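Structure data follow from target-v2.cif (mmCIF, C-alpha atoms and all ligand atoms):
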```cif
data_upload
loop_
_atom_site.label_atom_id
_atom_site.label_comp_id
_atom_site.auth_asym_id
_atom_site.auth_seq_id
_atom_site.Cartn_x
_atom_site.Cartn_y
_atom_site.Cartn_z
CA PRO A 1 -12.65 5.87 -18.90
CA ASP A 2 -12.24 4.25 -15.48
CA ARG A 3 -8.54 4.98 -15.63
CA VAL A 4 -6.51 7.97 -16.74
CA HIS A 5 -2.89 7.52 -17.81
CA ILE A 6 -0.34 9.98 -16.46
CA LEU A 7 3.08 9.56 -18.11
CA GLY A 8 2.26 5.92 -18.75
CA VAL A 9 0.97 5.15 -15.27
CA PRO A 10 -2.71 4.15 -15.11
CA ILE A 11 -4.61 5.87 -12.31
CA ASP A 12 -8.01 4.59 -11.18
CA ARG A 13 -10.65 7.31 -11.04
CA LEU A 14 -12.35 6.15 -7.85
CA SER A 15 -13.55 7.77 -4.65
CA MET A 16 -12.29 6.50 -1.30
CA ASP A 17 -15.49 4.48 -0.80
CA GLN A 18 -15.16 2.90 -4.25
CA THR A 19 -11.49 2.17 -3.58
CA LEU A 20 -12.35 0.40 -0.32
CA ALA A 21 -15.10 -1.58 -2.03
CA ARG A 22 -12.57 -2.78 -4.63
CA ILE A 23 -10.10 -3.76 -1.91
CA GLU A 24 -12.80 -5.67 -0.03
CA ALA A 25 -13.63 -7.52 -3.26
CA PHE A 26 -9.92 -8.40 -3.62
CA ILE A 27 -9.94 -9.81 -0.08
CA ALA A 28 -13.07 -11.83 -0.81
CA SER A 29 -11.54 -13.23 -4.01
CA GLY A 30 -8.87 -15.14 -2.13
CA THR A 31 -5.96 -14.47 -4.51
CA PRO A 32 -3.12 -11.89 -4.24
CA HIS A 33 -3.65 -8.36 -5.58
CA ILE A 34 -1.35 -5.35 -5.66
CA VAL A 35 -2.55 -1.88 -4.77
CA VAL A 36 -0.28 1.06 -5.59
CA THR A 37 -0.61 4.54 -4.14
CA ALA A 38 0.94 6.68 -6.87
CA ASP A 39 2.23 10.16 -6.16
CA ALA A 40 4.06 12.52 -8.49
CA ALA A 41 7.45 11.33 -7.24
CA GLY A 42 6.57 7.69 -7.91
CA ILE A 43 5.32 8.45 -11.41
CA ALA A 44 8.55 10.35 -12.07
CA GLN A 45 10.66 7.44 -10.77
CA ALA A 46 8.78 4.96 -12.95
CA GLN A 47 9.94 6.88 -16.05
CA HIS A 48 13.48 5.58 -15.55
CA ASP A 49 12.74 2.38 -13.60
CA PRO A 50 11.16 -0.12 -16.00
CA ALA A 51 10.57 -2.68 -13.24
CA LEU A 52 8.61 -0.12 -11.21
CA MET A 53 6.65 0.95 -14.30
CA GLU A 54 5.76 -2.67 -14.99
CA ILE A 55 4.44 -3.10 -11.45
CA TYR A 56 2.39 0.11 -11.76
CA ARG A 57 0.91 -1.06 -15.05
CA ALA A 58 0.09 -4.53 -13.77
CA ALA A 59 -1.34 -3.42 -10.40
CA GLU A 60 -5.00 -4.23 -9.91
CA LEU A 61 -5.59 -0.81 -8.36
CA VAL A 62 -3.61 2.45 -8.58
CA THR A 63 -4.81 5.34 -6.45
CA PRO A 64 -4.04 9.07 -6.88
CA ASP A 65 -1.91 9.58 -3.77
CA SER A 66 -0.99 13.23 -4.28
CA ILE A 67 -2.76 16.40 -5.30
CA GLY A 68 -0.33 16.70 -8.23
CA VAL A 69 -1.78 13.50 -9.69
CA VAL A 70 -5.32 14.84 -9.23
CA TRP A 71 -4.34 18.03 -11.11
CA ALA A 72 -2.63 16.08 -13.89
CA ALA A 73 -5.78 13.98 -14.39
CA ARG A 74 -7.89 17.12 -14.59
CA ARG A 75 -5.54 18.61 -17.18
CA ALA A 76 -5.70 15.40 -19.18
CA GLY A 77 -9.48 15.89 -19.37
CA HIS A 78 -10.37 12.98 -17.07
CA PRO A 79 -10.96 14.64 -13.72
CA ILE A 80 -10.60 12.76 -10.46
CA GLU A 81 -12.77 13.88 -7.58
CA THR A 82 -10.22 13.61 -4.82
CA ARG A 83 -6.87 12.39 -3.64
CA VAL A 84 -6.87 8.82 -2.24
CA SER A 85 -3.78 8.65 -0.07
CA GLY A 86 -1.97 5.72 1.49
CA VAL A 87 -2.45 7.24 4.95
CA ASP A 88 -6.24 7.45 4.48
CA ILE A 89 -6.48 3.97 2.95
CA LEU A 90 -4.51 2.52 5.86
CA ASP A 91 -6.77 4.25 8.38
CA ASN A 92 -9.90 2.98 6.62
CA LEU A 93 -8.60 -0.58 6.30
CA CYS A 94 -7.91 -0.66 10.04
CA ARG A 95 -11.47 0.61 10.65
CA LEU A 96 -12.85 -2.14 8.38
CA SER A 97 -10.61 -4.71 10.07
CA ALA A 98 -12.28 -3.87 13.40
CA GLU A 99 -15.68 -4.51 11.80
CA ARG A 100 -14.88 -7.55 9.68
CA GLY A 101 -11.80 -9.10 11.31
CA TYR A 102 -9.44 -8.68 8.35
CA ARG A 103 -5.94 -9.77 9.32
CA ILE A 104 -3.43 -6.96 8.76
CA PHE A 105 0.38 -7.08 8.87
CA PHE A 106 2.49 -3.91 9.17
CA LEU A 107 5.91 -4.18 7.49
CA GLY A 108 8.24 -1.21 7.31
CA ALA A 109 9.71 1.90 8.92
CA GLU A 110 12.45 1.96 11.55
CA PRO A 111 12.57 -0.60 14.39
CA GLY A 112 9.74 0.05 16.89
CA VAL A 113 7.69 2.28 14.60
CA ALA A 114 5.37 -0.39 13.13
CA ASP A 115 4.69 -1.70 16.64
CA LEU A 116 3.87 1.77 17.94
CA ALA A 117 1.66 2.47 14.91
CA ALA A 118 -0.18 -0.81 15.60
CA GLU A 119 -0.72 0.18 19.25
CA LYS A 120 -2.08 3.58 18.22
CA MET A 121 -4.31 1.98 15.60
CA ARG A 122 -5.79 -0.42 18.14
CA LEU A 123 -6.74 2.58 20.29
CA ARG A 124 -8.10 4.46 17.28
CA HIS A 125 -10.11 1.48 15.97
CA PRO A 126 -10.75 -0.92 18.86
CA GLY A 127 -10.80 -4.50 17.64
CA CYS A 128 -8.59 -3.72 14.66
CA ASN A 129 -6.91 -7.06 13.86
CA ILE A 130 -3.23 -6.24 13.34
CA VAL A 131 -1.68 -9.71 13.53
CA GLY A 132 2.00 -8.78 13.30
CA THR A 133 4.60 -6.10 12.63
CA ARG A 134 8.20 -5.93 11.43
CA HIS A 135 10.63 -3.12 10.69
CA GLY A 136 11.61 -2.35 7.12
CA TYR A 137 15.40 -2.27 7.32
CA PHE A 138 16.73 -5.38 5.60
CA PRO A 139 18.53 -5.90 2.28
CA ALA A 140 16.63 -7.04 -0.80
CA GLU A 141 18.57 -10.33 -0.63
CA SER A 142 16.59 -11.08 2.54
CA ASP A 143 13.19 -10.50 0.93
CA GLU A 144 12.35 -14.21 0.76
CA VAL A 145 13.39 -14.89 4.35
CA VAL A 146 11.29 -11.96 5.58
CA ALA A 147 8.40 -13.09 3.38
CA HIS A 148 8.40 -16.53 4.99
CA GLU A 149 8.31 -14.88 8.44
CA VAL A 150 5.37 -12.70 7.40
CA ALA A 151 3.54 -15.63 5.77
CA LEU A 152 3.31 -17.37 9.17
CA PHE A 153 0.86 -14.65 10.23
CA THR A 154 -1.43 -15.39 7.23
CA PRO A 155 -2.42 -11.76 6.69
CA ASP A 156 -5.32 -10.80 4.44
CA ILE A 157 -3.81 -7.34 4.00
CA LEU A 158 -0.06 -6.67 3.84
CA ILE A 159 0.84 -3.04 4.52
CA VAL A 160 4.37 -2.24 3.33
CA ALA A 161 5.88 1.10 4.35
CA MET A 162 9.41 1.03 2.93
CA GLY A 163 9.28 3.84 0.39
CA ILE A 164 9.00 3.78 -3.39
CA PRO A 165 10.17 1.61 -5.20
CA ARG A 166 11.38 -0.78 -2.51
CA GLN A 167 7.88 -1.48 -1.14
CA GLU A 168 6.36 -2.19 -4.57
CA LYS A 169 9.24 -4.47 -5.53
CA PHE A 170 9.01 -6.35 -2.23
CA ILE A 171 5.27 -6.91 -2.64
CA ARG A 172 5.66 -8.15 -6.20
CA ALA A 173 8.66 -10.40 -5.43
CA THR A 174 7.02 -12.08 -2.43
CA GLU A 175 3.29 -12.23 -3.17
CA HIS A 176 3.52 -15.94 -4.05
CA ILE A 177 5.08 -16.63 -0.64
CA ILE A 178 3.02 -14.37 1.60
CA GLN A 179 -0.27 -14.90 -0.27
CA ALA A 180 -1.97 -11.90 1.31
CA LYS A 181 -5.07 -11.03 -0.69
CA VAL A 182 -3.94 -7.42 -0.88
CA GLY A 183 -0.44 -5.97 -0.77
CA ILE A 184 -0.27 -2.21 -0.57
CA GLY A 185 2.68 0.17 -0.40
CA VAL A 186 2.00 3.17 1.83
CA GLY A 187 5.30 5.09 2.01
CA GLY A 188 5.73 6.95 5.29
CA SER A 189 2.26 6.16 6.67
CA LEU A 190 3.45 4.08 9.64
CA ASP A 191 5.56 7.05 10.74
CA VAL A 192 2.42 9.18 10.58
CA PHE A 193 0.34 6.87 12.80
CA SER A 194 3.15 6.17 15.27
CA GLY A 195 3.42 9.88 16.10
N1 LIG B 1 12.01 2.66 5.02
C1 LIG B 1 12.13 1.32 5.33
N2 LIG B 1 13.19 0.63 4.84
C2 LIG B 1 14.14 1.20 4.05
C3 LIG B 1 14.00 2.57 3.72
C4 LIG B 1 12.92 3.27 4.21
O1 LIG B 1 11.29 0.75 6.02
O2 LIG B 1 15.07 0.51 3.65
C5 LIG B 1 10.85 3.40 5.54
C6 LIG B 1 11.16 4.70 6.23
O3 LIG B 1 11.52 4.46 7.59
C7 LIG B 1 9.83 5.42 6.10
C8 LIG B 1 9.32 4.93 4.74
O4 LIG B 1 10.05 3.76 4.45
O5 LIG B 1 8.94 5.02 7.10
C9 LIG B 1 9.56 5.89 3.58
O6 LIG B 1 8.72 6.94 3.67
P1 LIG B 1 8.65 8.02 2.49
O7 LIG B 1 7.61 8.99 2.89
O8 LIG B 1 10.02 8.48 2.15
O9 LIG B 1 8.10 7.11 1.32
P2 LIG B 1 7.89 7.47 -0.23
O10 LIG B 1 7.67 8.94 -0.34
O11 LIG B 1 9.11 6.97 -0.94
O12 LIG B 1 6.69 6.67 -0.57
#
```
Could the structure of this file be written out as structure tokens, please?
Ligand code: UDP
Amino acid sequence: PDRVHILGVPIDRLSMDQTLARIEAFIASGTPHIVVTADAAGIAQAQHDPALMEIYRAAELVTPDSIGVVWAARRAGHPIETRVSGVDILDNLCRLSAERGYRIFFLGAEPGVADLAAEKMRLRHPGCNIVGTRHGYFPAESDEVVAHEVALFTPDILIVAMGIPRQEKFIRATEHIIQAKVGIGVGGSLDVFSG
């Protein structure tokens, strides 16, 4: 099958190139899509967080973000070639943005970090179209207000780095407001690129 289920979470058995092709098709489609990067910790959390599990099961694309997920798929008899991490997806989407002009918004991490990550990304992939950034420290009651701020930047791709399950719940709760073609939760990836 195209997907293997690990403790109820569907994982897409795709290479990085296939994953990027799917994401580019989502962008071309013009409607919102959710991409989840699932690691062992997220799959464990989903076992006792029905709302998170529902988001995982409804997501258009779920990538194997940790080596533990790759192993579990192999043991289930549906091997996955390789890990497809949030960090690597983010890097590749910024590369593609430089080529195709995709509008990317960085939301998450501590104040200053998303901005620094954007600066580093623009050096790494000249022409990368990061249209805005915002830190990720606000209460869930402010989700709609933040979403309206982000929507003004009309991103094609919304990168949310606020940790599991906050980032997934934010993306789901606000996709009708922000209307990015792809919302993707990437955990600590902005910290990685800001360093
Ligand atoms: N974070 C955030 N808002 C919060 C809590 C955390 O933006 O309210 C950020 C934090 O600064 C870090 C990321 O979310 O950049 C969490 O990274 P982690 O690797 O812990 O993510 P996970 O493993 O949960 O995906």
Sorted per-residue table, chain A near ligand LIG 1 (chain B), closest atoms and distance, 6 Å, only C-alpha atoms and all ligand atoms, as JSON lines:
```
{"residue": "A:Gly108", "atom": "CA", "partner": "B:LIG1", "partner_atom": "O1", "distance": 3.8}
{"residue": "A:Ala109", "atom": "CA", "partner": "B:LIG1", "partner_atom": "O3", "distance": 3.4}
{"residue": "A:Glu110", "atom": "CA", "partner": "B:LIG1", "partner_atom": "O3", "distance": 4.8}
{"residue": "A:Gly136", "atom": "CA", "partner": "B:LIG1", "partner_atom": "O1", "distance": 3.3}
{"residue": "A:Tyr137", "atom": "CA", "partner": "B:LIG1", "partner_atom": "N2", "distance": 4.4}
{"residue": "A:Ala161", "atom": "CA", "partner": "B:LIG1", "partner_atom": "O4", "distance": 4.9}
{"residue": "A:Met162", "atom": "CA", "partner": "B:LIG1", "partner_atom": "O4", "distance": 3.2}
{"residue": "A:Gly163", "atom": "CA", "partner": "B:LIG1", "partner_atom": "O11", "distance": 3.4}
{"residue": "A:Ile164", "atom": "CA", "partner": "B:LIG1", "partner_atom": "O11", "distance": 4.0}
{"residue": "A:Gly187", "atom": "CA", "partner": "B:LIG1", "partner_atom": "O12", "distance": 3.3}
{"residue": "A:Gly188", "atom": "CA", "partner": "B:LIG1", "partner_atom": "O6", "distance": 3.4}
{"residue": "A:Asp191", "atom": "CA", "partner": "B:LIG1", "partner_atom": "O5", "distance": 5.4}
```
| query | Please, which residues are within 9 Å of (1.7, -3.3, 2.0) by the file's coordinates, counting only C-alpha atoms, and could they come as a PyMOL selection string? | reply | chain A and resi 34-36+105-108+157-162+167-168+170-171+182-186
| Radius query 12 Å about (4.0, 7.0, -11.8), atoms used: all atoms listed in the file, as a VMD selection string | chain A and resid 4 to 11 36 to 57 59 62 to 66 68 to 69 72 164 to 165 168
| field | Nearest residue to Val145 in chain A from the set A:Gln179, A:Ser15, A:Thr174, A:Thr133 (distances using all atoms listed in the file) | value |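 Smallest separation from Val145 in chain A among the options: A:Thr174.
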| field | Option closest in space to Ala180 in chain A, from A:Arg103, A:Trp71, A:Leu116, A:Glu144 [counting only C-alpha atoms] | value |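 Closest to Ala180 in chain A of all the choices is A:Arg103.
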| Which residue out of A:Cys128, A:Ile27, A:Ala58, A:Ala173 has the minimum interatomic distance to Asn92 in chain A when all atoms listed in the file are used? |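 Looking only at the distances to Asn92 in chain A, the closest residue turns out to be A:Cys128.
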| note | What separates CA of Met16 in chain A and CA of Glu81 in chain A is a distance of 9.7 Å
